[in-house]
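Please read the structure below before turning to the comments.
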Amino acid sequence: MEKDLRSSAEDMNTDENLAGTTHLNDGVEEENELEKAKEELQGQKEKYLRLFAEFDNFRKRSAKENFELRQTAGKEVIQSLLDVLDDCDRAEKQLQGEENPGASKEGVLLVFNKLRSVLLGRGLKAMQSIHTDFDVEKHEAITEVPVQDASLKGKVIDEVQKGYYLNDKIIRFAKVVVGK
């Protein structure tokens with residue numbers, strides 16, 4: 001019996017699985033797996049934050065584009081009416097020059113004023129150009145004319161065609177004569 005106890009004790013000492021370093025290696029492997037899992041989690045968090053930021057930027061950009069589209073939705077209609085408005089301005093000048101226009105003048109003027117008020121209500125605003133500094137962002141120079149008054153140099157002298165804003169955005173540049 002004593003021999004059996006000794007042989008079983010020897011067997012325990014010779015077992016490779018019971019060596020002291022085996023248990024230490026298991027702990028190192030678990031720490032490595034834990035570190036890998038933490039790094040992967042951190043990477044996933046960063047991807048999520050980037051994706052969330054991209055989506056938020058997309059949402060804001062879409063809202064801005066939608067707002068701008070609504071502001072200029074009637075742009076083509078109003079641009080087509082601008083030629084009519086120009087004809088109205090010319091007819092108004094002609095009617096004011098007549099000596100005996102009668103009642104027709106009042107009727108035509110009412111139509112002109114109604115057209116202007118409808119367009120103004122839709123966000124159209126005429127650009128004020130005469131006697132302002134020439135600005136390439138707003139004006140299209142047709143010609144330059146010499147001026148005697150030095151204060152008029154580089155300024156708009158005459159307006160051949162009015163410029164217009166639609167909801168504070170330029171939809172037509174003013175065609176102007178500039179003093180030099």
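Identifiers in this document derive from the order of the structure tokens: chains are assigned A, B, ..., residues are numbered from 1 separately in each chain, and ligands are numbered from 1 in order of occurrence.
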
| said: For Thr132 in chain A, find every residue with an atom within 8 Å (counting only C-alpha atoms), except residues of its own chain fewer than 2 positions away, and show them as an NGL selection string. | reply: :A and (128-130 or 134 or 155-156)

Give me, as JSON lines, the closest atom pair and its distance (Å, one decimal) for every residue of range 130-169 of chain A within a cut-off of 12 Å of range 88-95 of chain A, counting only C-alpha atoms, rows sorted by chain and rising number.
{"residue": "A:Val160", "atom": "CA", "partner": "A:Arg90", "partner_atom": "CA", "distance": 11.3}
{"residue": "A:Gln161", "atom": "CA", "partner": "A:Asp89", "partner_atom": "CA", "distance": 10.4}
{"residue": "A:Lys162", "atom": "CA", "partner": "A:Asp89", "partner_atom": "CA", "distance": 10.2}

| said: Excluding range 141-145 of chain A and its own-chain neighbours fewer than 5 positions away, which residues fall within 6 Å of it when counting only C-alpha atoms? Please give them as a ChimeraX atom specification. | reply: /A:175-180

| task | Please give the complete set of residues from range 118-152 of chain A that DSSP, run on the backbone, assigns to strand (DSSP E), formatted as a PyMOL selection string. | result | chain A and resi 124-126+139-145

Taking N, CA and C atoms for each residue, export the selection above as a JSON list (two decimals), in the first residue's frame.
[["chain", "number", "residue", "atom", "x", "y", "z"],
["A", 124, "LEU", "N", -39.84, 88.99, -54.25],
["A", 124, "LEU", "CA", -39.03, 89.70, -55.25],
["A", 124, "LEU", "C", -38.74, 91.10, -54.75],
["A", 125, "LYS", "N", -37.50, 91.53, -54.95],
["A", 125, "LYS", "CA", -37.11, 92.88, -54.54],
["A", 125, "LYS", "C", -36.18, 93.44, -55.61],
["A", 126, "ALA", "N", -36.47, 94.67, -56.03],
["A", 126, "ALA", "CA", -35.63, 95.32, -57.05],
["A", 126, "ALA", "C", -34.32, 95.77, -56.41],
["A", 139, "HIS", "N", -23.68, 93.62, -60.44],
["A", 139, "HIS", "CA", -23.88, 94.38, -61.68],
["A", 139, "HIS", "C", -23.17, 93.75, -62.86],
["A", 140, "GLU", "N", -23.74, 93.99, -64.02],
["A", 140, "GLU", "CA", -23.12, 93.61, -65.28],
["A", 140, "GLU", "C", -22.91, 94.90, -66.05],
["A", 141, "ALA", "N", -21.66, 95.29, -66.25],
["A", 141, "ALA", "CA", -21.36, 96.55, -66.91],
["A", 141, "ALA", "C", -21.57, 96.41, -68.42],
["A", 142, "ILE", "N", -22.42, 97.28, -68.96],
["A", 142, "ILE", "CA", -22.66, 97.30, -70.40],
["A", 142, "ILE", "C", -21.60, 98.18, -71.07],
["A", 143, "THR", "N", -21.36, 99.32, -70.45],
["A", 143, "THR", "CA", -20.36, 100.24, -70.98],
["A", 143, "THR", "C", -19.87, 101.16, -69.87],
["A", 144, "GLU", "N", -18.78, 101.87, -70.17],
["A", 144, "GLU", "CA", -18.25, 102.89, -69.26],
["A", 144, "GLU", "C", -18.31, 104.22, -70.00],
["A", 145, "VAL", "N", -18.72, 105.24, -69.30],
["A", 145, "VAL", "CA", -18.77, 106.57, -69.90],
["A", 145, "VAL", "C", -17.94, 107.53, -69.06]]

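Using only C-alpha atoms, the nearest neighbour of Lys138 in chain A within the list A:Lys153, A:Val77, A:Phe67, A:Tyr165 is A:Tyr165.
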
| Which is closer to Asp87 in chain A than all the others in A:Phe112, A:Gln44, A:Asp133, A:Val28, using only C-alpha atoms? | A:Phe112

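Take the candidates A:Gly43, A:Gly154, A:Gly121, A:Gly107 and check each one against Val136 in chain A using only C-alpha atoms; the shortest distance goes to A:Gly154.
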
| Selection: 12 Å around Leu69 in chain A, only C-alpha atoms, excl. self and same-chain fewer than 5 positions, as a ChimeraX atom specification | /A:62-64,74-75,166-167,169

Output N, CA and C atoms of each residue in that selection to a file, as a CSV table (one decimal), in the first residue's frame.
chain,number,residue,atom,x,y,z
A,62,SER,N,-29.3,68.4,-45.7
A,62,SER,CA,-30.5,68.2,-46.4
A,62,SER,C,-31.6,69.2,-46.0
A,63,ALA,N,-31.6,69.5,-44.8
A,63,ALA,CA,-32.6,70.6,-44.3
A,63,ALA,C,-32.2,71.9,-44.9
A,64,LYS,N,-31.0,72.2,-45.0
A,64,LYS,CA,-30.6,73.5,-45.6
A,64,LYS,C,-30.9,73.6,-47.1
A,74,GLY,N,-40.3,79.2,-57.0
A,74,GLY,CA,-40.9,79.9,-58.1
A,74,GLY,C,-40.0,80.7,-59.0
A,75,LYS,N,-38.7,80.4,-58.9
A,75,LYS,CA,-37.7,81.3,-59.6
A,75,LYS,C,-38.0,81.4,-61.1
A,166,LEU,N,-34.5,87.5,-55.1
A,166,LEU,CA,-35.7,86.7,-54.7
A,166,LEU,C,-35.3,86.1,-53.4
A,167,ASN,N,-36.0,86.6,-52.3
A,167,ASN,CA,-35.6,86.2,-50.9
A,167,ASN,C,-34.2,86.4,-50.6
A,169,LYS,N,-31.6,86.5,-52.5
A,169,LYS,CA,-30.7,85.9,-53.4
A,169,LYS,C,-30.8,86.5,-54.8

| field | Shell of 12 Å around Gln79 in chain A, only C-alpha atoms, local chain residues under 3 positions omitted, as a PyMOL selection string | value | chain A and resi 72-76+82-86+119+124+163-166+170-173
